[in-house]
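Q: Questions regarding the structure given below will be posed in turn.
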Amino acid sequence: MKTDQLEDVVRTEADLAEALLGLLKQQQNAIVHFQDAALVSLVEQQQEVLRPLEALEKERVKLSRRDGSPVPASQSASRLRGVVREIIHTNGQNRALLESALRFVHGNIRILTEDFSRQLVDHRV
């Protein structure tokens with residue numbers, strides 16, 4: 001019985017992790033195309049997926065401890081591990097893209113302000 005519950009939790013975690021991966025890939029596209037409104041929306045959607053995923057993770061750990069056995073070597077567990085690896089990889093790519101975009105914006109501000117010697121906004125307004 002506990003093994004069945006654990007398998008159900010892992011399967012649901014894998015489903016949510018795949019949904020999260022899809023959102024991360026959409027975020028990557030929004031970053032590349034400078035779609036800030038889409039990016040904000042995707043981050044909000046990501047938060048909605050992460051909440052139940054966190055609860056499922058706690059449930060999985062609790063079931064594993066109570067049962068005294070690790071997560072079963074099932075197809076769902078294998079799928080979850082693979083998706084988590086992809087999420088880590090995609091997060092790394094997104095981080096690099098965001099850092100590059102930040103350097104680009106910073107460089108443009110530096111150019112516009114003549115190496116920060118000029119103000120962009122007149123404070124008298």
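We name chains A, B, ... following the order of the structure tokens; residues begin at 1 in each chain, and ligands are numbered from 1 as shown.
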Listing only residues of segment 70-114 of chain A within 12 Å of segment 21-24 of chain A, what is the closest atom pair and its distance in Å (to one decimal) for each, using only C-alpha atoms, sorted by chain and residue number ascending, as a tab-separated table?
A:
residue	atom	partner	partner_atom	distance
A:Leu80	CA	A:Leu21	CA	11.2
A:Gly82	CA	A:Leu21	CA	10.9
A:Val83	CA	A:Leu21	CA	7.3
A:Val84	CA	A:Leu21	CA	8.4
A:Arg85	CA	A:Leu21	CA	10.0
A:Glu86	CA	A:Leu21	CA	7.3
A:Ile87	CA	A:Leu21	CA	5.6
A:Ile88	CA	A:Leu21	CA	9.3
A:His89	CA	A:Leu21	CA	10.0
A:Thr90	CA	A:Leu24	CA	6.8
A:Asn91	CA	A:Leu24	CA	7.2
A:Gly92	CA	A:Leu24	CA	10.5
A:Gln93	CA	A:Leu24	CA	9.9
A:Asn94	CA	A:Leu24	CA	7.9
A:Arg95	CA	A:Leu24	CA	10.9
Q: Give me, as an NGL selection string, the residues of segment 33-98 of chain A that a backbone DSSP run labels alpha helix (DSSP H).
A: :A and (36-67 or 75-98)
Q: For Glu48 of chain A, which residue among A:Arg65, A:Phe104, A:Leu20, A:Thr12 is the nearest when counting only C-alpha atoms?
A: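 Checking each candidate against Glu48 of chain A, we get A:Leu20 as the closest.
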Q: With only C-alpha atoms as the basis for distance, which of A:Ser78, A:Ala17, A:Asn108, A:Val121 is at the shortest distance from Val49 of chain A?
A: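 Under the stated criterion, the closest residue is A:Ala17.
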Q: With only C-alpha atoms as the basis for distance, which of A:Gln119, A:Gln28, A:Glu18, A:Arg66 is at the shortest distance from Ala96 of chain A?
A: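 Of all the options, A:Gln28 lies closest to Ala96 of chain A.
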